[in-house]
file final.pdb (PDB, C-alpha atoms and all ligand atoms)
ATOM      1  CA  MET A   1      73.443  75.174 175.802
ATOM      2  CA  TYR A   2      74.653  74.096 172.341
ATOM      3  CA  HIS A   3      78.109  72.484 172.118
ATOM      4  CA  ILE A   4      79.998  72.262 168.835
ATOM      5  CA  PRO A   5      81.682  68.845 168.770
ATOM      6  CA  ILE A   6      85.483  68.928 168.345
ATOM      7  CA  PRO A   7      86.535  66.577 165.519
ATOM      8  CA  ASP A   8      89.374  64.066 165.948
ATOM      9  CA  THR A   9      91.880  66.157 163.968
ATOM     10  CA  VAL A  10      91.903  69.255 166.223
ATOM     11  CA  SER A  11      92.421  69.926 169.921
ATOM     12  CA  THR A  12      92.065  73.060 172.023
ATOM     13  CA  ALA A  13      95.087  72.183 174.235
ATOM     14  CA  LEU A  14      98.691  73.247 173.537
ATOM     15  CA  ALA A  15      99.616  69.575 173.480
ATOM     16  CA  GLU A  16      97.403  66.558 173.868
ATOM     17  CA  PHE A  17      97.856  62.788 173.931
ATOM     18  CA  LYS A  18      94.892  60.679 172.864
ATOM     19  CA  THR A  19      95.281  56.992 173.773
ATOM     20  CA  ILE A  20      99.032  57.023 173.139
ATOM     21  CA  SER A  21     100.760  53.650 173.336
ATOM     22  CA  LYS A  22     104.382  52.874 172.599
ATOM     23  CA  TYR A  23     106.212  49.590 172.409
ATOM     24  CA  PHE A  24     109.684  48.619 171.237
ATOM     25  CA  GLU A  25     110.275  45.334 169.454
ATOM     26  CA  GLN A  26     113.239  43.264 170.567
ATOM     27  CA  PRO A  27     115.357  42.778 167.450
ATOM     28  CA  GLY A  28     115.022  39.329 165.870
ATOM     29  CA  THR A  29     112.139  38.305 168.152
ATOM     30  CA  ALA A  30     108.378  38.842 168.288
ATOM     31  CA  ILE A  31     108.722  40.183 171.844
ATOM     32  CA  ARG A  32     107.357  43.677 172.455
ATOM     33  CA  ASN A  33     108.436  45.862 175.369
ATOM     34  CA  HIS A  34     105.334  47.943 176.140
ATOM     35  CA  VAL A  35     106.434  51.302 177.562
ATOM     36  CA  LEU A  36     103.353  53.564 177.342
ATOM     37  CA  ASP A  37      99.874  52.101 177.669
ATOM     38  CA  SER A  38      96.978  54.095 176.195
ATOM     39  CA  ILE A  39      97.850  57.431 177.838
ATOM     40  CA  ASN A  40      95.505  60.438 177.721
ATOM     41  CA  PHE A  41      97.097  63.708 178.781
ATOM     42  CA  GLN A  42      96.828  67.440 178.100
ATOM     43  CA  ILE A  43      99.028  70.495 178.540
ATOM     44  CA  CYS A  44      97.198  73.820 178.437
ATOM     45  CA  GLY A  45      98.102  77.509 178.554
ATOM     46  CA  ASN A  46     100.506  78.211 181.369
ATOM     47  CA  ASP A  47     100.516  74.742 182.960
ATOM     48  CA  SER A  48     103.632  73.752 184.832
ATOM     49  CA  ILE A  49     103.734  69.983 185.086
ATOM     50  CA  ALA A  50     106.215  67.394 186.306
ATOM     51  CA  ILE A  51     106.145  63.701 185.500
ATOM     52  CA  VAL A  52     108.146  61.541 187.868
ATOM     53  CA  GLY A  53     109.053  57.911 187.547
ATOM     54  CA  PRO A  54     112.044  55.632 188.023
ATOM     55  CA  SER A  55     114.689  55.069 185.386
ATOM     56  CA  GLY A  56     113.292  53.013 182.498
ATOM     57  CA  SER A  57     109.650  53.912 183.212
ATOM     58  CA  GLY A  58     109.254  55.674 179.831
ATOM     59  CA  LYS A  59     109.658  59.351 180.783
ATOM     60  CA  SER A  60     112.022  60.239 177.925
ATOM     61  CA  THR A  61     109.917  58.237 175.472
ATOM     62  CA  LEU A  62     106.803  60.176 176.502
ATOM     63  CA  LEU A  63     108.582  63.542 176.270
ATOM     64  CA  ASN A  64     110.136  62.685 172.902
ATOM     65  CA  ILE A  65     106.715  61.744 171.526
ATOM     66  CA  ILE A  66     105.278  65.106 172.659
ATOM     67  CA  GLY A  67     108.332  66.806 171.155
ATOM     68  CA  THR A  68     107.798  64.879 167.860
ATOM     69  CA  LEU A  69     111.297  63.387 168.086
ATOM     70  CA  GLU A  70     109.755  59.895 168.286
ATOM     71  CA  LYS A  71     106.525  58.440 166.948
ATOM     72  CA  ALA A  72     103.909  56.619 169.025
ATOM     73  CA  SER A  73     102.972  53.037 168.134
ATOM     74  CA  SER A  74      99.292  54.057 168.274
ATOM     75  CA  GLY A  75      97.149  57.018 169.287
ATOM     76  CA  ILE A  76      97.206  60.677 168.260
ATOM     77  CA  VAL A  77      99.427  63.547 169.417
ATOM     78  CA  PHE A  78      98.043  67.041 168.940
ATOM     79  CA  LEU A  79     100.352  70.043 168.991
ATOM     80  CA  ASN A  80      98.943  73.538 168.925
ATOM     81  CA  GLY A  81      95.595  72.058 167.902
ATOM     82  CA  THR A  82      96.837  69.950 164.971
ATOM     83  CA  ALA A  83      97.086  66.173 164.803
ATOM     84  CA  THR A  84     100.832  65.674 164.184
ATOM     85  CA  ASP A  85     100.258  62.570 162.037
ATOM     86  CA  THR A  86      98.715  64.855 159.386
ATOM     87  CA  LEU A  87     102.022  66.774 158.997
ATOM     88  CA  ASN A  88     105.009  65.819 156.833
ATOM     89  CA  GLU A  89     108.607  65.847 158.155
ATOM     90  CA  LYS A  90     109.261  69.414 157.006
ATOM     91  CA  GLU A  91     106.073  70.742 158.604
ATOM     92  CA  LEU A  92     106.868  68.844 161.800
ATOM     93  CA  ALA A  93     110.408  70.261 161.961
ATOM     94  CA  SER A  94     109.075  73.782 161.459
ATOM     95  CA  LEU A  95     106.410  73.350 164.155
ATOM     96  CA  ARG A  96     109.004  71.865 166.544
ATOM     97  CA  ASN A  97     111.394  74.773 165.958
ATOM     98  CA  ARG A  98     108.776  77.470 166.540
ATOM     99  CA  PHE A  99     106.566  75.885 169.136
ATOM    100  CA  ILE A 100     108.785  73.781 171.394
ATOM    101  CA  GLY A 101     111.867  74.484 173.478
ATOM    102  CA  HIS A 102     113.765  71.390 174.622
ATOM    103  CA  VAL A 103     116.210  71.039 177.517
ATOM    104  CA  PHE A 104     118.003  67.717 177.981
ATOM    105  CA  GLN A 105     120.062  66.173 180.790
ATOM    106  CA  GLN A 106     123.243  67.010 178.854
ATOM    107  CA  HIS A 107     123.565  70.570 177.599
ATOM    108  CA  TYR A 108     124.750  69.651 174.052
ATOM    109  CA  LEU A 109     126.377  73.066 173.557
ATOM    110  CA  ILE A 110     128.681  73.288 170.520
ATOM    111  CA  PRO A 111     132.269  73.472 171.847
ATOM    112  CA  GLN A 112     133.535  75.698 168.994
ATOM    113  CA  LEU A 113     130.900  78.406 169.586
ATOM    114  CA  ASN A 114     130.754  80.909 172.419
ATOM    115  CA  LEU A 115     127.788  81.151 174.767
ATOM    116  CA  LEU A 116     125.953  83.837 172.763
ATOM    117  CA  GLU A 117     126.497  81.995 169.454
ATOM    118  CA  ASN A 118     125.200  78.760 171.015
ATOM    119  CA  VAL A 119     122.076  80.553 172.200
ATOM    120  CA  LEU A 120     121.448  82.042 168.738
ATOM    121  CA  LEU A 121     121.829  78.721 166.896
ATOM    122  CA  PRO A 122     118.103  77.752 166.876
ATOM    123  CA  THR A 123     117.240  81.128 165.296
ATOM    124  CA  LEU A 124     119.286  80.433 162.154
ATOM    125  CA  PRO A 125     116.645  78.446 160.177
ATOM    126  CA  GLY A 126     114.258  81.442 160.346
ATOM    127  CA  LYS A 127     116.973  84.089 160.033
ATOM    128  CA  ASN A 128     115.513  87.371 158.979
ATOM    129  CA  ARG A 129     117.565  90.571 158.847
ATOM    130  CA  SER A 130     114.744  92.800 160.089
ATOM    131  CA  ASN A 131     114.497  91.050 163.455
ATOM    132  CA  HIS A 132     118.146  90.052 163.858
ATOM    133  CA  LYS A 133     118.912  92.873 166.313
ATOM    134  CA  GLU A 134     115.765  92.077 168.275
ATOM    135  CA  THR A 135     116.857  88.432 168.507
ATOM    136  CA  ILE A 136     120.333  89.362 169.750
ATOM    137  CA  ASP A 137     118.810  91.761 172.302
ATOM    138  CA  ARG A 138     116.546  88.966 173.501
ATOM    139  CA  ALA A 139     119.513  86.587 173.765
ATOM    140  CA  LEU A 140     121.524  89.135 175.769
ATOM    141  CA  TYR A 141     118.555  89.876 178.014
ATOM    142  CA  LEU A 142     118.005  86.162 178.741
ATOM    143  CA  ILE A 143     121.724  85.532 179.270
ATOM    144  CA  GLU A 144     121.743  88.325 181.852
ATOM    145  CA  ARG A 145     118.519  86.949 183.382
ATOM    146  CA  VAL A 146     120.203  83.611 184.116
ATOM    147  CA  GLY A 147     123.222  85.384 185.599
ATOM    148  CA  LEU A 148     125.725  84.813 182.775
ATOM    149  CA  LYS A 149     126.174  88.339 181.422
ATOM    150  CA  GLU A 150     129.945  88.322 182.048
ATOM    151  CA  HIS A 151     130.340  85.008 180.224
ATOM    152  CA  SER A 152     128.564  85.589 176.906
ATOM    153  CA  GLN A 153     131.805  85.484 174.876
ATOM    154  CA  LYS A 154     133.180  82.377 176.605
ATOM    155  CA  ARG A 155     133.138  78.881 175.166
ATOM    156  CA  PRO A 156     131.509  75.940 176.969
ATOM    157  CA  TYR A 157     134.852  74.524 178.237
ATOM    158  CA  GLN A 158     135.386  77.818 180.121
ATOM    159  CA  LEU A 159     132.067  77.441 181.960
ATOM    160  CA  SER A 160     130.920  75.103 184.737
ATOM    161  CA  VAL A 161     128.368  72.360 183.997
ATOM    162  CA  GLY A 162     125.705  74.399 185.826
ATOM    163  CA  GLU A 163     126.501  77.483 183.719
ATOM    164  CA  CYS A 164     126.354  75.381 180.539
ATOM    165  CA  GLN A 165     122.933  74.057 181.560
ATOM    166  CA  ARG A 166     121.686  77.603 182.228
ATOM    167  CA  THR A 167     122.913  78.466 178.710
ATOM    168  CA  ALA A 168     120.981  75.470 177.341
ATOM    169  CA  VAL A 169     117.851  76.805 179.069
ATOM    170  CA  VAL A 170     118.327  80.184 177.350
ATOM    171  CA  ARG A 171     118.879  78.432 173.988
ATOM    172  CA  ALA A 172     115.569  76.578 174.477
ATOM    173  CA  LEU A 173     113.776  79.905 175.049
ATOM    174  CA  ILE A 174     115.284  81.939 172.233
ATOM    175  CA  ASN A 175     112.553  81.198 169.661
ATOM    176  CA  LYS A 176     109.784  82.117 172.154
ATOM    177  CA  PRO A 177     108.304  78.607 172.348
ATOM    178  CA  ARG A 178     104.864  78.118 173.849
ATOM    179  CA  LEU A 179     105.859  74.799 175.348
ATOM    180  CA  LEU A 180     109.101  74.063 177.185
ATOM    181  CA  LEU A 181     110.018  70.365 177.511
ATOM    182  CA  ALA A 182     112.752  69.384 179.967
ATOM    183  CA  ASP A 183     114.144  65.846 180.264
ATOM    184  CA  GLU A 184     115.980  65.367 183.591
ATOM    185  CA  PRO A 185     117.268  68.950 183.248
ATOM    186  CA  THR A 186     119.053  68.811 186.595
ATOM    187  CA  GLY A 187     120.249  65.213 186.282
ATOM    188  CA  SER A 188     123.893  66.065 185.642
ATOM    189  CA  LEU A 189     124.132  68.805 188.318
ATOM    190  CA  ASP A 190     125.058  68.924 192.003
ATOM    191  CA  ALA A 191     122.305  69.801 194.488
ATOM    192  CA  GLU A 192     123.017  73.544 194.526
ATOM    193  CA  ASN A 193     123.073  73.930 190.726
ATOM    194  CA  ALA A 194     120.094  71.583 190.357
ATOM    195  CA  GLY A 195     118.140  73.943 192.614
ATOM    196  CA  ILE A 196     119.196  76.998 190.577
ATOM    197  CA  VAL A 197     118.305  75.438 187.191
ATOM    198  CA  GLY A 198     114.995  73.999 188.469
ATOM    199  CA  LYS A 199     113.967  77.383 189.878
ATOM    200  CA  LEU A 200     114.966  79.153 186.646
ATOM    201  CA  LEU A 201     112.868  76.797 184.508
ATOM    202  CA  VAL A 202     109.779  77.396 186.626
ATOM    203  CA  GLU A 203     110.329  81.171 186.919
ATOM    204  CA  LEU A 204     111.158  81.713 183.231
ATOM    205  CA  SER A 205     108.178  79.680 182.045
ATOM    206  CA  ARG A 206     105.956  81.951 184.178
ATOM    207  CA  GLU A 207     107.656  85.172 183.073
ATOM    208  CA  HIS A 208     107.348  84.245 179.391
ATOM    209  CA  GLN A 209     103.884  82.590 179.542
ATOM    210  CA  MET A 210     105.117  79.201 178.412
ATOM    211  CA  ALA A 211     103.751  75.860 179.474
ATOM    212  CA  LEU A 212     106.417  73.731 181.161
ATOM    213  CA  LEU A 213     106.670  69.940 181.201
ATOM    214  CA  ILE A 214     109.541  68.436 183.174
ATOM    215  CA  VAL A 215     110.220  64.708 183.390
ATOM    216  CA  THR A 216     112.462  63.768 186.246
ATOM    217  CA  HIS A 217     113.184  61.217 188.939
ATOM    218  CA  SER A 218     113.763  64.131 191.372
ATOM    219  CA  LEU A 219     110.813  64.761 193.692
ATOM    220  CA  GLU A 220     112.577  67.945 194.786
ATOM    221  CA  LEU A 221     112.294  69.341 191.247
ATOM    222  CA  ALA A 222     108.765  67.993 190.689
ATOM    223  CA  LYS A 223     107.502  69.813 193.786
ATOM    224  CA  GLN A 224     108.319  73.184 192.209
ATOM    225  CA  THR A 225     105.639  72.704 189.510
ATOM    226  CA  ASN A 226     101.840  73.066 189.856
ATOM    227  CA  GLN A 227     100.826  69.551 188.835
ATOM    228  CA  PHE A 228     102.712  66.402 189.365
ATOM    229  CA  TYR A 229     102.083  62.990 187.777
ATOM    230  CA  ARG A 230     103.665  59.588 188.257
ATOM    231  CA  LEU A 231     104.505  57.329 185.318
ATOM    232  CA  SER A 232     104.449  53.677 186.276
ATOM    233  CA  SER A 233     103.740  50.464 184.317
ATOM    234  CA  GLY A 234     102.970  52.566 181.250
ATOM    235  CA  LYS A 235     100.200  54.545 182.980
ATOM    236  CA  LEU A 236     100.145  58.168 184.096
ATOM    237  CA  SER A 237      98.457  59.053 187.384
ATOM    238  CA  LEU A 238      97.910  62.514 188.853
ATOM    239  CA  MET A 239      99.598  62.760 192.266
ATOM    240  CA  GLN A 240      99.114  66.408 193.206
ATOM    241  CA  THR A 241      97.689  69.693 191.951
ATOM    242  CA  LEU A 242      98.618  72.954 193.689
TER     243      LEU A 242
HETATM  244  P1  LIG B   1     113.229  56.812 181.305
HETATM  245  O1  LIG B   1     113.462  58.078 180.570
HETATM  246  O2  LIG B   1     112.071  56.864 182.261
HETATM  247  O3  LIG B   1     114.456  56.318 182.006
HETATM  248  P2  LIG B   1     112.995  55.658 178.648
HETATM  249  O4  LIG B   1     111.830  56.328 178.040
HETATM  250  O5  LIG B   1     114.348  56.094 178.239
HETATM  251  O6  LIG B   1     112.834  55.679 180.246
HETATM  252  O7  LIG B   1     112.896  54.098 178.345
HETATM  253  C1  LIG B   1     111.744  53.321 178.677
HETATM  254  C2  LIG B   1     111.956  51.884 178.215
HETATM  255  O8  LIG B   1     111.975  51.848 176.789
HETATM  256  C3  LIG B   1     113.254  51.255 178.684
HETATM  257  O9  LIG B   1     112.998  49.891 178.959
HETATM  258  C4  LIG B   1     114.156  51.397 177.485
HETATM  259  O10 LIG B   1     115.117  50.383 177.460
HETATM  260  C5  LIG B   1     113.186  51.260 176.324
HETATM  261  N1  LIG B   1     113.634  52.009 175.125
HETATM  262  C6  LIG B   1     113.733  53.358 175.041
HETATM  263  N2  LIG B   1     114.140  53.728 173.807
HETATM  264  C7  LIG B   1     114.301  52.569 173.094
HETATM  265  C8  LIG B   1     114.698  52.256 171.745
HETATM  266  N3  LIG B   1     114.988  53.226 170.880
HETATM  267  N4  LIG B   1     114.733  50.951 171.379
HETATM  268  C9  LIG B   1     114.398  49.979 172.253
HETATM  269  N5  LIG B   1     114.017  50.180 173.525
HETATM  270  C10 LIG B   1     113.967  51.466 173.952
HETATM  271 MG    MG B   2     115.123  59.324 180.470
END
call {"tool": "encode", "arguments": {"input": "final.pdb", "output": "structure tokens"}}
result
Amino acid sequence: MYHIPIPDTVSTALAEFKTISKYFEQPGTAIRNHVLDSINFQICGNDSIAIVGPSGSGKSTLLNIIGTLEKASSGIVFLNGTATDTLNEKELASLRNRFIGHVFQQHYLIPQLNLLENVLLPTLPGKNRSNHKETIDRALYLIERVGLKEHSQKRPYQLSVGECQRTAVVRALINKPRLLLADEPTGSLDAENAGIVGKLLVELSREHQMALLIVTHSLELAKQTNQFYRLSSGKLSLMQTL
């Protein structure tokens, strides 16, 4: 069998970390706080992965590096096959907008916009009249899918925190990302709503053939995914594969 070697500037995974390390320097000192220590990690196709770890273990840092919101101190991040350090800021922003959906612990909905307008916001940079109706139809379909059909004209202050977070999930899906990143997506919710949002993330990622990466300190949420890693002392270890 003849294998074509894959060069260092491409990857076949949706997202890949090659020896990623991250440290923060303490201002005014030479002291470095090492958060991620030479991590290798891949997300492929329809993977559904959770990374668990206590507060301060580096979960958000890791997710933000995959999401190109932060840069690693060393190592290479590949997204959709391309080494991200070969892209300029504009190319990175465009890739992020098309390729990644992001859900955070807080919903960050815009208070002045109604639910539907909030959901449509990420589609504005690529606004194109020919597919505008299709985009609105998709938004309405997804809003109904998460059980908020009656609320699409309401503003965030008229919705519960759980409903706002379900809206934020729809907003993350509107551009049909291939990779959905969720940072403590149930962290601000009570147990019942946390269960609803966790289940929706897993179900929607399956229905729409997206890979899902959740970072969380909730084992309950992590158990809903197929693979589950622990982040500790800067290292990632595989705990379980279903
Ligand atoms: P987690 O999400 O697991 O709670 P974080 O990734 O937010 O952890 O943080 C990991 C460590 O990195 C913490 O010690 C935190 O204080 C530190 N850290 C995170 N972001 C910064 C930053 N911008 N500047 C300095 N230190 C940071
Ligand atoms: Mg965090």
call {"tool": "atom_distance", "arguments": {"input": "final.pdb", "atom1": "CA of Arg155 (chain A)", "atom2": "atom O5 of ligand LIG 1 (chain B)"}}
result
29.7 Å
call {"tool": "closest_residue", "arguments": {"input": "final.pdb", "among": "A:Gly75, A:Gly67, A:Pro54, A:Gly187", "to": "Lys22 (chain A)", "atoms": "all atoms listed in the file"}}
result
A:Gly75
call {"tool": "closest_residue", "arguments": {"input": "final.pdb", "among": "A:Leu62, A:Val170, A:Ile76, A:Leu181", "to": "Leu115 (chain A)", "atoms": "only C-alpha atoms"}}
result
A:Val170
call {"tool": "resolve_selection", "arguments": {"input": "final.pdb", "expression": "the PyMOL selection byres (((chain A and resi 18) around 9) and not hetatm)", "output": "ChimeraX atom specification"}}
result
/A:16-17,19-20,38-42,75-78
call {"tool": "closest_residue", "arguments": {"input": "final.pdb", "among": "A:Ser57, A:Ser74, A:Asn114, A:Asn64", "to": "ligand LIG 1 (chain B)", "atoms": "all atoms listed in the file"}}
result
A:Ser57
call {"tool": "atom_distance", "arguments": {"input": "final.pdb", "atom1": "CA of Leu120 (chain A)", "atom2": "CA of Asn97 (chain A)"}}
result
12.7 Å
call {"tool": "residues_near_ligand", "arguments": {"input": "final.pdb", "ligand": "ligand LIG 1 (chain B)", "cutoff": "9 Å", "atoms": "only C-alpha atoms and all ligand atoms", "output": "PyMOL selection string"}}
result
chain A and resi 22-27+33-36+52-64+70+183-184+215-217+231
